[in-house]
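Structure data (CSV, C-alpha atoms) from run25.csv:
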```csv
chain,number,residue,atom,x,y,z
A,1,MET,CA,164.6,99.9,113.0
A,2,GLU,CA,166.6,96.8,112.0
A,3,LEU,CA,164.4,93.8,111.1
A,4,SER,CA,165.4,90.3,112.4
A,5,GLN,CA,167.8,88.2,110.4
A,6,ARG,CA,165.1,85.5,110.5
A,7,VAL,CA,162.5,87.5,108.5
A,8,GLN,CA,165.2,88.9,106.2
A,9,ALA,CA,166.2,85.3,105.3
A,10,ILE,CA,162.8,84.5,103.8
A,11,LYS,CA,160.5,85.9,101.1
A,12,GLU,CA,156.8,86.5,100.7
A,13,SER,CA,155.0,83.4,99.5
A,14,PRO,CA,155.3,83.8,95.7
A,15,THR,CA,152.0,82.1,94.9
A,16,LEU,CA,150.1,84.5,97.2
A,17,ALA,CA,152.1,87.4,95.8
A,18,VAL,CA,151.1,86.5,92.2
A,19,THR,CA,147.5,86.1,93.2
A,20,ALA,CA,147.5,89.5,95.0
A,21,ARG,CA,149.1,91.2,92.0
A,22,ALA,CA,146.6,89.8,89.6
A,23,ALA,CA,143.8,91.0,91.9
A,24,ARG,CA,145.3,94.5,92.0
A,25,LEU,CA,145.5,94.6,88.2
A,26,LYS,CA,141.9,93.4,87.8
A,27,ALA,CA,140.8,96.1,90.3
A,28,GLU,CA,142.5,98.6,88.1
A,29,GLY,CA,140.3,97.5,85.2
A,30,LYS,CA,142.8,95.3,83.4
A,31,ASP,CA,141.7,92.1,81.7
A,32,ILE,CA,143.7,89.5,83.8
A,33,ILE,CA,143.1,85.7,84.0
A,34,GLY,CA,144.7,84.5,87.3
A,35,LEU,CA,146.1,81.0,87.2
A,36,GLY,CA,148.2,81.4,90.3
A,37,ALA,CA,145.9,80.5,93.2
A,38,GLY,CA,146.1,76.9,94.5
A,39,GLU,CA,142.5,76.5,95.6
A,40,PRO,CA,139.4,74.7,94.2
A,41,ASP,CA,137.0,76.9,92.3
A,42,PHE,CA,134.1,75.0,93.9
A,43,ASP,CA,132.0,76.0,96.9
A,44,THR,CA,132.3,74.2,100.2
A,45,PRO,CA,129.7,71.4,100.1
A,46,GLN,CA,126.4,72.3,101.7
A,47,HIS,CA,126.4,69.8,104.5
A,48,ILE,CA,129.7,71.2,105.7
A,49,LYS,CA,128.4,74.7,105.7
A,50,ASP,CA,125.2,73.6,107.5
A,51,ALA,CA,127.3,72.1,110.3
A,52,ALA,CA,129.2,75.4,110.7
A,53,LYS,CA,125.9,77.4,110.8
A,54,LYS,CA,124.5,75.0,113.4
A,55,ALA,CA,127.7,75.4,115.5
A,56,ILE,CA,127.2,79.2,115.5
A,57,ASP,CA,123.5,78.9,116.4
A,58,ASP,CA,124.4,76.5,119.2
A,59,GLY,CA,126.9,79.0,120.6
A,60,PHE,CA,130.0,76.9,119.9
A,61,THR,CA,132.1,80.1,119.7
A,62,LYS,CA,134.4,79.8,122.7
A,63,TYR,CA,138.0,78.6,123.1
A,64,THR,CA,138.6,74.9,122.4
A,65,PRO,CA,141.4,72.6,123.4
A,66,VAL,CA,144.6,73.8,121.7
A,67,GLY,CA,145.2,70.7,119.7
A,68,GLY,CA,141.6,70.4,118.5
A,69,ILE,CA,138.2,69.3,119.6
A,70,PRO,CA,137.7,65.6,120.6
A,71,GLY,CA,135.2,65.1,117.8
A,72,LEU,CA,137.5,66.3,115.1
A,73,LYS,CA,140.5,64.5,116.4
A,74,ASN,CA,138.5,61.3,116.5
A,75,ALA,CA,137.3,62.0,112.9
A,76,ILE,CA,140.9,62.3,111.8
A,77,VAL,CA,141.8,59.1,113.6
A,78,ALA,CA,139.0,57.3,111.8
A,79,LYS,CA,139.9,58.9,108.4
A,80,LEU,CA,143.5,57.8,108.7
A,81,LYS,CA,142.3,54.2,109.4
A,82,ARG,CA,139.6,54.2,106.7
A,83,ASP,CA,141.5,55.8,103.9
A,84,ASN,CA,145.1,55.1,104.7
A,85,GLY,CA,145.2,51.9,106.9
A,86,LEU,CA,147.1,53.8,109.6
A,87,ASP,CA,146.5,53.4,113.3
A,88,TYR,CA,146.7,56.4,115.6
A,89,THR,CA,145.2,57.6,118.8
A,90,ALA,CA,143.8,61.0,119.5
A,91,ARG,CA,146.9,61.8,121.5
A,92,GLU,CA,149.0,61.3,118.3
A,93,VAL,CA,146.9,63.9,116.4
A,94,ILE,CA,147.0,67.7,116.3
A,95,VAL,CA,144.7,70.1,114.5
A,96,GLY,CA,146.3,73.4,113.2
A,97,VAL,CA,145.3,76.6,111.5
A,98,GLY,CA,145.9,75.1,108.1
A,99,GLY,CA,148.4,72.6,106.9
A,100,LYS,CA,151.1,75.3,106.8
A,101,GLN,CA,150.9,75.9,110.6
A,102,CYS,CA,151.3,72.2,111.2
A,103,ILE,CA,154.5,72.2,109.1
A,104,PHE,CA,155.7,75.3,110.9
A,105,ASN,CA,155.0,73.7,114.3
A,106,LEU,CA,156.8,70.5,113.3
A,107,ALA,CA,159.9,72.4,112.1
A,108,LEU,CA,160.1,74.5,115.3
A,109,ALA,CA,159.5,71.4,117.4
A,110,VAL,CA,162.3,69.3,116.1
A,111,LEU,CA,164.9,71.5,114.3
A,112,ASN,CA,167.9,73.2,115.8
A,113,PRO,CA,170.3,75.7,114.2
A,114,GLY,CA,172.5,73.9,111.7
A,115,ASP,CA,170.2,70.9,111.2
A,116,GLU,CA,169.4,70.0,107.6
A,117,VAL,CA,166.1,69.4,105.8
A,118,VAL,CA,166.2,67.4,102.5
A,119,ILE,CA,163.7,68.9,100.1
A,120,PRO,CA,163.2,67.5,96.6
A,121,ALA,CA,162.7,70.2,94.0
A,122,PRO,CA,160.3,71.3,92.5
A,123,TYR,CA,158.9,71.8,96.0
A,124,TRP,CA,156.0,73.7,97.6
A,125,VAL,CA,157.1,77.2,98.1
A,126,SER,CA,157.0,77.3,101.9
A,127,TYR,CA,159.1,74.2,102.7
A,128,ALA,CA,162.5,75.9,102.4
A,129,ASP,CA,161.5,79.2,104.1
A,130,ILE,CA,160.0,77.3,107.0
A,131,ALA,CA,163.3,75.5,107.5
A,132,LEU,CA,165.1,78.8,107.4
A,133,VAL,CA,162.8,80.3,110.0
A,134,ALA,CA,163.7,77.4,112.2
A,135,GLU,CA,167.4,78.2,111.6
A,136,ALA,CA,167.9,75.0,109.7
A,137,LYS,CA,169.5,74.6,106.3
A,138,PRO,CA,167.3,73.5,103.4
A,139,VAL,CA,169.1,70.9,101.2
A,140,ILE,CA,167.5,71.2,97.8
A,141,VAL,CA,167.8,68.1,95.5
A,142,GLU,CA,167.0,68.9,91.9
A,143,CYS,CA,164.5,66.5,90.3
A,144,GLY,CA,163.6,67.8,86.9
A,145,ILE,CA,161.2,66.7,84.2
A,146,GLU,CA,163.7,64.1,82.9
A,147,GLN,CA,163.1,62.0,86.0
A,148,GLY,CA,159.4,62.8,86.4
A,149,PHE,CA,159.9,65.4,89.1
A,150,LYS,CA,160.7,62.6,91.7
A,151,ILE,CA,163.7,62.1,93.9
A,152,THR,CA,165.6,58.8,93.3
A,153,PRO,CA,166.9,56.6,96.1
A,154,ALA,CA,170.5,57.4,95.1
A,155,GLN,CA,169.8,61.2,95.3
A,156,LEU,CA,168.2,60.8,98.7
A,157,ASP,CA,171.1,58.7,100.0
A,158,ALA,CA,173.6,61.2,98.7
A,159,ALA,CA,171.8,64.1,100.3
A,160,ILE,CA,171.6,62.7,103.8
A,161,THR,CA,174.4,63.7,106.2
A,162,PRO,CA,174.8,63.3,110.0
A,163,LYS,CA,173.1,66.8,110.2
A,164,THR,CA,170.0,65.7,108.3
A,165,LYS,CA,166.9,66.0,110.6
A,166,ILE,CA,163.9,65.9,108.2
A,167,PHE,CA,163.1,64.5,104.8
A,168,MET,CA,160.1,66.2,103.2
A,169,VAL,CA,158.1,64.1,100.7
A,170,ASN,CA,155.0,65.7,99.0
A,171,SER,CA,152.8,63.4,96.9
A,172,PRO,CA,150.7,64.3,95.0
A,173,SER,CA,153.1,67.2,94.5
A,174,ASN,CA,152.5,70.9,94.4
A,175,PRO,CA,153.6,72.2,91.9
A,176,THR,CA,154.1,69.2,89.5
A,177,GLY,CA,151.2,66.8,90.3
A,178,ALA,CA,153.8,64.0,90.4
A,179,VAL,CA,152.7,61.0,92.5
A,180,TYR,CA,155.1,58.4,93.9
A,181,THR,CA,154.1,54.7,93.3
A,182,LEU,CA,154.2,52.2,96.1
A,183,ASP,CA,157.4,50.7,94.7
A,184,GLU,CA,159.1,54.1,94.5
A,185,LEU,CA,158.2,54.8,98.1
A,186,LYS,CA,159.5,51.4,99.2
A,187,ALA,CA,162.8,52.2,97.6
A,188,LEU,CA,163.0,55.6,99.4
A,189,GLY,CA,162.0,53.8,102.6
A,190,ASP,CA,164.8,51.4,102.2
A,191,VAL,CA,167.3,54.3,102.1
A,192,LEU,CA,165.6,55.9,105.2
A,193,LYS,CA,165.9,52.7,107.2
A,194,ARG,CA,169.6,53.0,106.9
A,195,HIS,CA,169.5,56.4,108.4
A,196,PRO,CA,167.6,56.1,111.7
A,197,HIS,CA,168.3,59.7,112.7
A,198,VAL,CA,166.1,61.2,109.9
A,199,LEU,CA,162.5,62.1,110.6
A,200,VAL,CA,160.1,61.8,107.6
A,201,ALA,CA,157.4,64.4,106.9
A,202,THR,CA,154.9,63.3,104.4
A,203,ASP,CA,152.6,66.1,103.1
A,204,ASP,CA,149.5,64.4,101.7
A,205,MET,CA,147.4,67.5,101.3
A,206,TYR,CA,146.3,66.6,97.7
A,207,GLU,CA,145.5,63.0,98.5
A,208,HIS,CA,142.0,63.1,97.3
A,209,VAL,CA,142.7,65.2,94.1
A,210,ASN,CA,143.4,61.9,92.3
A,211,LEU,CA,143.7,62.3,88.5
A,212,SER,CA,144.9,58.8,87.7
A,213,GLY,CA,142.4,56.6,89.5
A,214,VAL,CA,145.2,54.6,91.1
A,215,LYS,CA,144.7,54.2,94.9
A,216,PHE,CA,146.7,56.8,96.9
A,217,VAL,CA,149.6,55.5,99.1
A,218,ASN,CA,152.1,57.3,101.2
A,219,ILE,CA,155.5,56.3,102.5
A,220,LEU,CA,154.0,54.6,105.7
A,221,ASN,CA,152.0,52.3,103.5
A,222,ALA,CA,155.2,51.4,101.7
A,223,THR,CA,157.5,51.2,104.8
A,224,PRO,CA,155.4,50.8,108.0
A,225,GLU,CA,158.7,50.5,110.0
A,226,LEU,CA,159.1,54.3,109.7
A,227,LYS,CA,156.0,55.0,111.8
A,228,GLY,CA,158.0,55.9,114.9
A,229,ARG,CA,159.7,58.7,113.1
A,230,CYS,CA,157.2,59.8,110.5
A,231,VAL,CA,154.7,62.7,110.7
A,232,VAL,CA,151.7,62.6,108.3
A,233,LEU,CA,150.5,66.0,107.3
A,234,ASN,CA,147.1,66.7,105.7
A,235,GLY,CA,144.0,68.9,105.8
A,236,VAL,CA,140.6,69.6,104.5
A,237,SER,CA,141.5,72.6,102.2
A,238,LYS,CA,141.8,70.9,98.8
A,239,ALA,CA,139.6,67.8,99.1
A,240,TYR,CA,136.5,69.7,100.4
A,241,ALA,CA,137.1,73.2,98.9
A,242,MET,CA,137.7,74.6,102.4
A,243,THR,CA,140.9,76.7,101.8
A,244,GLY,CA,139.6,79.7,103.8
A,245,TRP,CA,138.4,77.6,106.7
A,246,ARG,CA,142.1,77.1,107.7
A,247,ILE,CA,142.1,73.5,109.1
A,248,GLY,CA,145.1,71.2,108.7
A,249,TYR,CA,146.2,68.3,110.8
A,250,ALA,CA,149.2,66.1,111.6
A,251,ALA,CA,149.6,62.6,113.0
A,252,GLY,CA,152.8,61.2,114.4
A,253,PRO,CA,154.7,60.2,117.5
A,254,GLU,CA,153.1,61.5,120.7
A,255,LYS,CA,156.2,63.2,121.9
A,256,ILE,CA,156.4,65.3,118.7
A,257,ILE,CA,152.7,66.0,118.5
A,258,LYS,CA,152.8,67.2,122.2
A,259,ALA,CA,155.7,69.5,121.4
A,260,MET,CA,153.8,70.9,118.4
A,261,GLU,CA,150.8,71.5,120.7
A,262,ILE,CA,153.0,73.5,123.2
A,263,LEU,CA,154.2,75.7,120.3
A,264,GLN,CA,150.6,76.2,119.1
A,265,SER,CA,149.5,77.2,122.6
A,266,GLN,CA,151.9,80.1,122.4
A,267,SER,CA,151.0,81.2,118.9
A,268,THR,CA,147.4,80.9,117.7
A,269,SER,CA,146.0,78.8,120.5
A,270,ASN,CA,143.2,76.7,119.1
A,271,PRO,CA,142.0,76.7,115.5
A,272,THR,CA,138.6,78.4,115.0
A,273,SER,CA,135.9,76.5,116.8
A,274,ILE,CA,133.4,76.7,114.0
A,275,SER,CA,135.9,75.6,111.3
A,276,GLN,CA,136.7,72.6,113.4
A,277,VAL,CA,133.0,71.5,113.5
A,278,ALA,CA,132.9,72.0,109.7
A,279,ALA,CA,136.1,69.9,109.2
A,280,GLN,CA,134.6,67.1,111.4
A,281,ALA,CA,131.5,67.2,109.2
A,282,ALA,CA,133.7,66.9,106.1
A,283,LEU,CA,135.7,63.9,107.3
A,284,ASP,CA,132.8,62.1,108.9
A,285,GLY,CA,130.2,62.9,106.1
A,286,ASP,CA,129.5,61.4,102.7
A,287,GLN,CA,132.7,61.5,100.7
A,288,GLY,CA,130.8,61.5,97.4
A,289,CYS,CA,131.0,65.3,97.5
A,290,ILE,CA,134.6,65.0,96.3
A,291,THR,CA,133.7,63.1,93.1
A,292,PRO,CA,132.3,66.0,91.0
A,293,MET,CA,135.3,68.2,91.8
A,294,VAL,CA,137.8,65.5,90.8
A,295,LYS,CA,135.9,64.7,87.6
A,296,ALA,CA,136.2,68.4,86.6
A,297,PHE,CA,139.9,68.5,87.5
A,298,ARG,CA,140.5,65.4,85.3
A,299,GLU,CA,138.8,67.0,82.3
A,300,ARG,CA,140.7,70.2,82.7
A,301,HIS,CA,144.0,68.4,83.2
A,302,GLU,CA,143.6,66.5,79.9
A,303,PHE,CA,142.9,69.8,78.1
A,304,VAL,CA,145.7,71.8,79.6
A,305,VAL,CA,148.4,69.1,79.1
A,306,ARG,CA,147.3,68.7,75.5
A,307,ARG,CA,147.3,72.4,74.7
A,308,PHE,CA,150.7,73.1,76.4
A,309,ASN,CA,152.3,70.3,74.4
A,310,GLU,CA,150.9,71.8,71.2
A,311,MET,CA,152.8,75.1,71.9
A,312,THR,CA,156.3,75.7,70.5
A,313,GLY,CA,159.0,75.6,73.2
A,314,LEU,CA,156.9,74.0,75.9
A,315,LYS,CA,156.8,70.5,77.3
A,316,CYS,CA,154.3,69.3,79.9
A,317,LEU,CA,154.1,66.0,81.6
A,318,ARG,CA,150.7,64.4,82.6
A,319,ALA,CA,150.0,64.8,86.3
A,320,ASP,CA,148.6,62.0,88.5
A,321,GLY,CA,147.3,64.3,91.3
A,322,ALA,CA,146.7,67.8,92.4
A,323,PHE,CA,145.3,70.5,90.1
A,324,TYR,CA,148.5,72.0,88.6
A,325,ALA,CA,150.4,71.9,85.3
A,326,PHE,CA,154.1,72.5,85.4
A,327,PRO,CA,155.4,73.0,81.9
A,328,ASP,CA,159.1,73.1,81.0
A,329,ALA,CA,159.5,76.4,79.3
A,330,ARG,CA,163.3,76.5,78.9
A,331,GLU,CA,163.2,76.3,75.2
A,332,ALA,CA,160.5,79.0,74.9
A,333,ILE,CA,162.4,81.3,77.3
A,334,ALA,CA,165.7,80.9,75.3
A,335,ASP,CA,163.8,81.6,72.0
A,336,LEU,CA,162.1,84.7,73.4
A,337,HIS,CA,165.4,86.0,74.8
A,338,ARG,CA,167.2,85.4,71.6
A,339,ARG,CA,164.5,87.4,69.7
A,340,GLY,CA,164.8,90.2,72.2
A,341,THR,CA,161.3,89.8,73.6
A,342,LEU,CA,162.7,88.9,77.1
A,343,ALA,CA,165.4,91.1,78.6
A,344,GLU,CA,166.6,88.1,80.6
A,345,ALA,CA,166.4,84.4,79.9
A,346,THR,CA,164.6,83.6,83.1
A,347,ASP,CA,161.2,82.2,84.1
A,348,MET,CA,160.6,85.4,86.2
A,349,ALA,CA,161.0,87.4,83.0
A,350,LEU,CA,158.6,85.0,81.2
A,351,SER,CA,156.0,85.3,83.9
A,352,GLU,CA,156.2,89.1,83.8
A,353,TYR,CA,155.9,89.0,80.0
A,354,LEU,CA,152.8,86.8,80.2
A,355,LEU,CA,151.2,89.0,82.7
A,356,GLU,CA,151.9,92.2,80.8
A,357,LYS,CA,151.5,91.0,77.3
A,358,ALA,CA,148.9,88.2,77.6
A,359,GLY,CA,147.1,89.2,80.8
A,360,VAL,CA,147.7,85.8,82.3
A,361,ALA,CA,149.1,85.4,85.8
A,362,VAL,CA,151.3,82.3,86.3
A,363,VAL,CA,153.9,81.4,89.0
A,364,PRO,CA,157.5,81.1,87.8
A,365,GLY,CA,159.2,77.8,88.4
A,366,SER,CA,162.0,79.4,90.3
A,367,ALA,CA,159.6,80.0,93.2
A,368,PHE,CA,159.5,76.2,93.5
A,369,GLY,CA,163.2,75.7,93.1
A,370,ALA,CA,163.0,74.9,89.4
A,371,GLU,CA,164.2,77.7,87.1
A,372,GLY,CA,162.9,77.5,83.6
A,373,TYR,CA,159.4,76.2,84.3
A,374,PHE,CA,156.1,77.8,85.3
A,375,ARG,CA,153.0,76.6,87.2
A,376,ILE,CA,149.4,77.2,86.4
A,377,SER,CA,146.4,76.1,88.5
A,378,PHE,CA,143.6,74.5,86.5
A,379,ALA,CA,141.3,75.0,89.5
A,380,THR,CA,139.3,77.5,87.4
A,381,SER,CA,136.6,77.2,84.7
A,382,MET,CA,137.3,75.6,81.4
A,383,LYS,CA,136.3,78.9,79.8
A,384,ASN,CA,139.1,80.7,81.7
A,385,LEU,CA,141.6,78.0,80.8
A,386,GLU,CA,140.7,78.1,77.1
A,387,MET,CA,141.1,81.8,77.0
A,388,ALA,CA,144.3,81.8,79.1
A,389,LEU,CA,146.1,79.1,77.1
A,390,GLU,CA,145.1,80.8,73.8
A,391,ARG,CA,146.7,84.0,75.1
A,392,ILE,CA,149.8,82.2,76.2
A,393,GLN,CA,150.2,80.5,72.8
A,394,LYS,CA,149.9,83.8,71.0
A,395,ALA,CA,152.4,85.5,73.4
A,396,LEU,CA,155.0,82.7,72.8
A,397,ALA,CA,154.6,82.9,69.1
```
Here is the file; what I need is its structure written in the form of structure tokens.
Amino acid sequence: MELSQRVQAIKESPTLAVTARAARLKAEGKDIIGLGAGEPDFDTPQHIKDAAKKAIDDGFTKYTPVGGIPGLKNAIVAKLKRDNGLDYTAREVIVGVGGKQCIFNLALAVLNPGDEVVIPAPYWVSYADIALVAEAKPVIVECGIEQGFKITPAQLDAAITPKTKIFMVNSPSNPTGAVYTLDELKALGDVLKRHPHVLVATDDMYEHVNLSGVKFVNILNATPELKGRCVVLNGVSKAYAMTGWRIGYAAGPEKIIKAMEILQSQSTSNPTSISQVAAQAALDGDQGCITPMVKAFRERHEFVVRRFNEMTGLKCLRADGAFYAFPDAREAIADLHRRGTLAEATDMALSEYLLEKAGVAVVPGSAFGAEGYFRISFATSMKNLEMALERIQKALA
């Protein structure tokens, strides 16, 4: 049986594949430290779990409205006003089965065959494949370490064509941890104001994983004029250690949100009722539960960046957000290839070598559109990080 061209055009999520492979090797008894998974190593805060347990005991286990329960939608509206200074109504908000489904729904709601999606690289692994599923063309703009992993206004302007439908901006970034400043976002906004046919999608999933202490801003804070053609994407997975609860959300123009809801009604229907109650407790509850997680991430970040920059052939920038490090390994790869250690001078070969030789699972940069780099998650214990980076250093030497 022939598979569809649609599914043949995309690949399995590389981050999930690396995590699954590391788990298989561990199950076989091998000593593997997995640094691939992008999820906090903390437990979901107790008050959130208690709300979910109460929902079960209260029998809140039936279908809900497709786009989310009223209490959660109102909590999202309040959060966007409280944290971001953005005004939305409940009709302009949708709750999805994770942030990924919200991005999928957005793409399927607005993209037609031949439309273009401008994606700065390094990018989150799913952006390009989601565009392909929607039969659109991902336009990848390379933004390397030399420019802090951020797209410039000139690059954005040059990438936009009459076929451009969406510009994706992700800050803090997965995989780099780069965060755009207000001035940088204003400069990008000035470009977008000259191209009124372009919809802006701002993925703010790592908003609360703030490593710099500088107040978070997104492109709507910088250029409020874009609100009529901007969709804000977020969720509870990273801030509240709720990855498995699968709750994401989007806010934007009512027409687009309604179209996303129609699509969702024909796919998953509503997100899990119990998870929605838990997400409402997260957004409405005491936000102090985020503080200890972020404190730990900051300490780990300092350690990881310092250690990588001590290693021959690696260069690692400080991150301002998220819980990833994205070292430039091009020099190390070239050296290992020259010595015959790597059969090919690629980041894929390096990641295979680190897994086999050092017992450390990392994600190659090419999965994020950036050949020659690799990503680690420091959402694991300091003990694991110390052991893993010691192993990497020995393997490179």
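The spacing separating atom CA of Gly96 of chain A from atom CA of Glu116 of chain A amounts to 24.0 Å.
If you count all atoms listed in the file and ignore residues fewer than 4 places along the chain from Thr243 of chain A, what sits within 7 Å of it is Glu39, Ser237 and Lys238 of chain A.
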Next on the checklist: I'd like the neighbourhood of Leu389 of chain A as an MDAnalysis selection string, where a residue qualifies if any of its atoms comes within 8 Å (using all atoms listed in the file), though same-chain residues fewer than 4 positions away should be ignored.
Outcome noted: chainID A and resid 304 307:308 385 393
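Using all atoms listed in the file, the protein and nucleic acid residues lying no more than 10 Å from Ala388 of chain A, apart from those fewer than 5 places from it along its own chain, are Ile32, Ile33, Gly34, Leu35, Leu354, Ala358, Gly359, Val360, Ala361, Met382, Lys383 and Gln393 of chain A.
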Between segment 323-376 of chain A and segment 123-141 of chain A, at 9 Å or less, what are the per-residue closest atom pairs and their distances in Å? Count all atoms listed in the file, order by chain and rising residue number, and return it as JSON lines.
```
{"residue": "A:Ala367", "atom": "CA", "partner": "A:Val125", "partner_atom": "CA", "distance": 6.2}
{"residue": "A:Phe368", "atom": "CA", "partner": "A:Tyr123", "partner_atom": "CA", "distance": 5.1}
{"residue": "A:Gly369", "atom": "CA", "partner": "A:Tyr123", "partner_atom": "CA", "distance": 6.5}
{"residue": "A:Ala370", "atom": "CA", "partner": "A:Tyr123", "partner_atom": "CA", "distance": 8.4}
```
Checklist entry - Which polymer residues have any atom within 12 Å of an atom of segment 258-272 of chain A, counting all atoms listed in the file, with same-chain residues fewer than 4 positions away left out, as a PyMOL selection string? => result chain A and resi 52+55-56+60-69+72+90-99+101-111+231+244-254+276-279
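Across the model, the gap from atom CA of Thr181 of chain A to atom CA of Pro153 of chain A is 13.2 Å.
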Checklist outcome for this item: Using only C-alpha atoms, the best pick from A:Ser377, A:Thr341, A:Thr312, A:Asn74 as closest to Ala325 of chain A would be A:Ser377
Item to check | Atom-to-atom span, atom CA of Ile392 of chain A and atom CA of Lys295 of chain A, Å | outcome: 25.1 Å
Item to check | Selected residue of minimal separation from Glu184 of chain A among A:Val232, A:Ile48, A:Val217, A:Leu350, counting only C-alpha atoms | outcome: A:Val217
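With only C-alpha atoms as the atoms that count, the residue of A:Phe149, A:Ala75, A:Lys255, A:Ala345 with the shortest distance to Pro327 of chain A is A:Phe149.
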Checklist entry - Mind listing as a ChimeraX atom specification all residues within 12 Å of (167.5, 65.3, 113.9), counting all atoms listed in the file? => result /A:106-118,136,160-167,195-200,229
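Each of A:Val363, A:Leu314, A:Ala154, A:Met348 was compared to Ala332 of chain A using all atoms listed in the file, and A:Leu314 turns out to be the nearest.
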Reconstructed segment 316-322 of chain A, atom set all heavy atoms, as a PDB file, in the frame of the given file:
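Generated file (part.pdb):
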```
ATOM      1  N   CYS A 316     155.076  69.504  78.631  1.00  0.00           N
ATOM      2  CA  CYS A 316     154.300  69.300  79.900  1.00  0.00           C
ATOM      3  C   CYS A 316     153.987  67.876  80.101  1.00  0.00           C
ATOM      4  O   CYS A 316     153.409  67.212  79.229  1.00  0.00           O
ATOM      5  CB  CYS A 316     153.012  70.159  79.773  1.00  0.00           C
ATOM      6  SG  CYS A 316     152.073  70.212  81.312  1.00  0.00           S
ATOM      7  N   LEU A 317     154.356  67.379  81.274  1.00  0.00           N
ATOM      8  CA  LEU A 317     154.100  66.000  81.600  1.00  0.00           C
ATOM      9  C   LEU A 317     152.621  65.895  82.168  1.00  0.00           C
ATOM     10  O   LEU A 317     152.088  66.847  82.744  1.00  0.00           O
ATOM     11  CB  LEU A 317     155.002  65.505  82.731  1.00  0.00           C
ATOM     12  CG  LEU A 317     156.477  65.339  82.392  1.00  0.00           C
ATOM     13  CD1 LEU A 317     157.200  64.687  83.570  1.00  0.00           C
ATOM     14  CD2 LEU A 317     156.677  64.521  81.127  1.00  0.00           C
ATOM     15  N   ARG A 318     152.027  64.732  81.985  1.00  0.00           N
ATOM     16  CA  ARG A 318     150.700  64.400  82.600  1.00  0.00           C
ATOM     17  C   ARG A 318     150.957  64.369  84.124  1.00  0.00           C
ATOM     18  O   ARG A 318     151.990  63.912  84.604  1.00  0.00           O
ATOM     19  CB  ARG A 318     150.184  63.116  82.122  1.00  0.00           C
ATOM     20  CG  ARG A 318     149.796  63.113  80.650  1.00  0.00           C
ATOM     21  CD  ARG A 318     149.328  61.718  80.225  1.00  0.00           C
ATOM     22  NE  ARG A 318     148.188  61.294  81.031  1.00  0.00           N
ATOM     23  CZ  ARG A 318     146.921  61.629  80.789  1.00  0.00           C
ATOM     24  NH1 ARG A 318     146.649  62.405  79.760  1.00  0.00           N
ATOM     25  NH2 ARG A 318     145.948  61.208  81.548  1.00  0.00           N
ATOM     26  N   ALA A 319     149.978  64.839  84.869  1.00  0.00           N
ATOM     27  CA  ALA A 319     150.000  64.800  86.300  1.00  0.00           C
ATOM     28  C   ALA A 319     149.153  63.589  86.782  1.00  0.00           C
ATOM     29  O   ALA A 319     148.219  63.192  86.083  1.00  0.00           O
ATOM     30  CB  ALA A 319     149.535  66.051  86.947  1.00  0.00           C
ATOM     31  N   ASP A 320     149.470  63.062  87.946  1.00  0.00           N
ATOM     32  CA  ASP A 320     148.600  62.000  88.500  1.00  0.00           C
ATOM     33  C   ASP A 320     147.785  62.490  89.673  1.00  0.00           C
ATOM     34  O   ASP A 320     146.887  61.786  90.140  1.00  0.00           O
ATOM     35  CB  ASP A 320     149.529  60.837  88.993  1.00  0.00           C
ATOM     36  CG  ASP A 320     150.119  60.050  87.827  1.00  0.00           C
ATOM     37  OD1 ASP A 320     149.404  59.844  86.834  1.00  0.00           O
ATOM     38  OD2 ASP A 320     151.297  59.656  87.905  1.00  0.00           O
ATOM     39  N   GLY A 321     148.084  63.705  90.151  1.00  0.00           N
ATOM     40  CA  GLY A 321     147.300  64.300  91.300  1.00  0.00           C
ATOM     41  C   GLY A 321     147.452  65.762  91.312  1.00  0.00           C
ATOM     42  O   GLY A 321     148.183  66.363  90.530  1.00  0.00           O
ATOM     43  N   ALA A 322     146.711  66.378  92.242  1.00  0.00           N
ATOM     44  CA  ALA A 322     146.700  67.800  92.400  1.00  0.00           C
ATOM     45  C   ALA A 322     146.008  68.496  91.207  1.00  0.00           C
ATOM     46  O   ALA A 322     145.525  67.813  90.299  1.00  0.00           O
ATOM     47  CB  ALA A 322     148.041  68.415  92.714  1.00  0.00           C
TER      48      ALA A 322
END
```
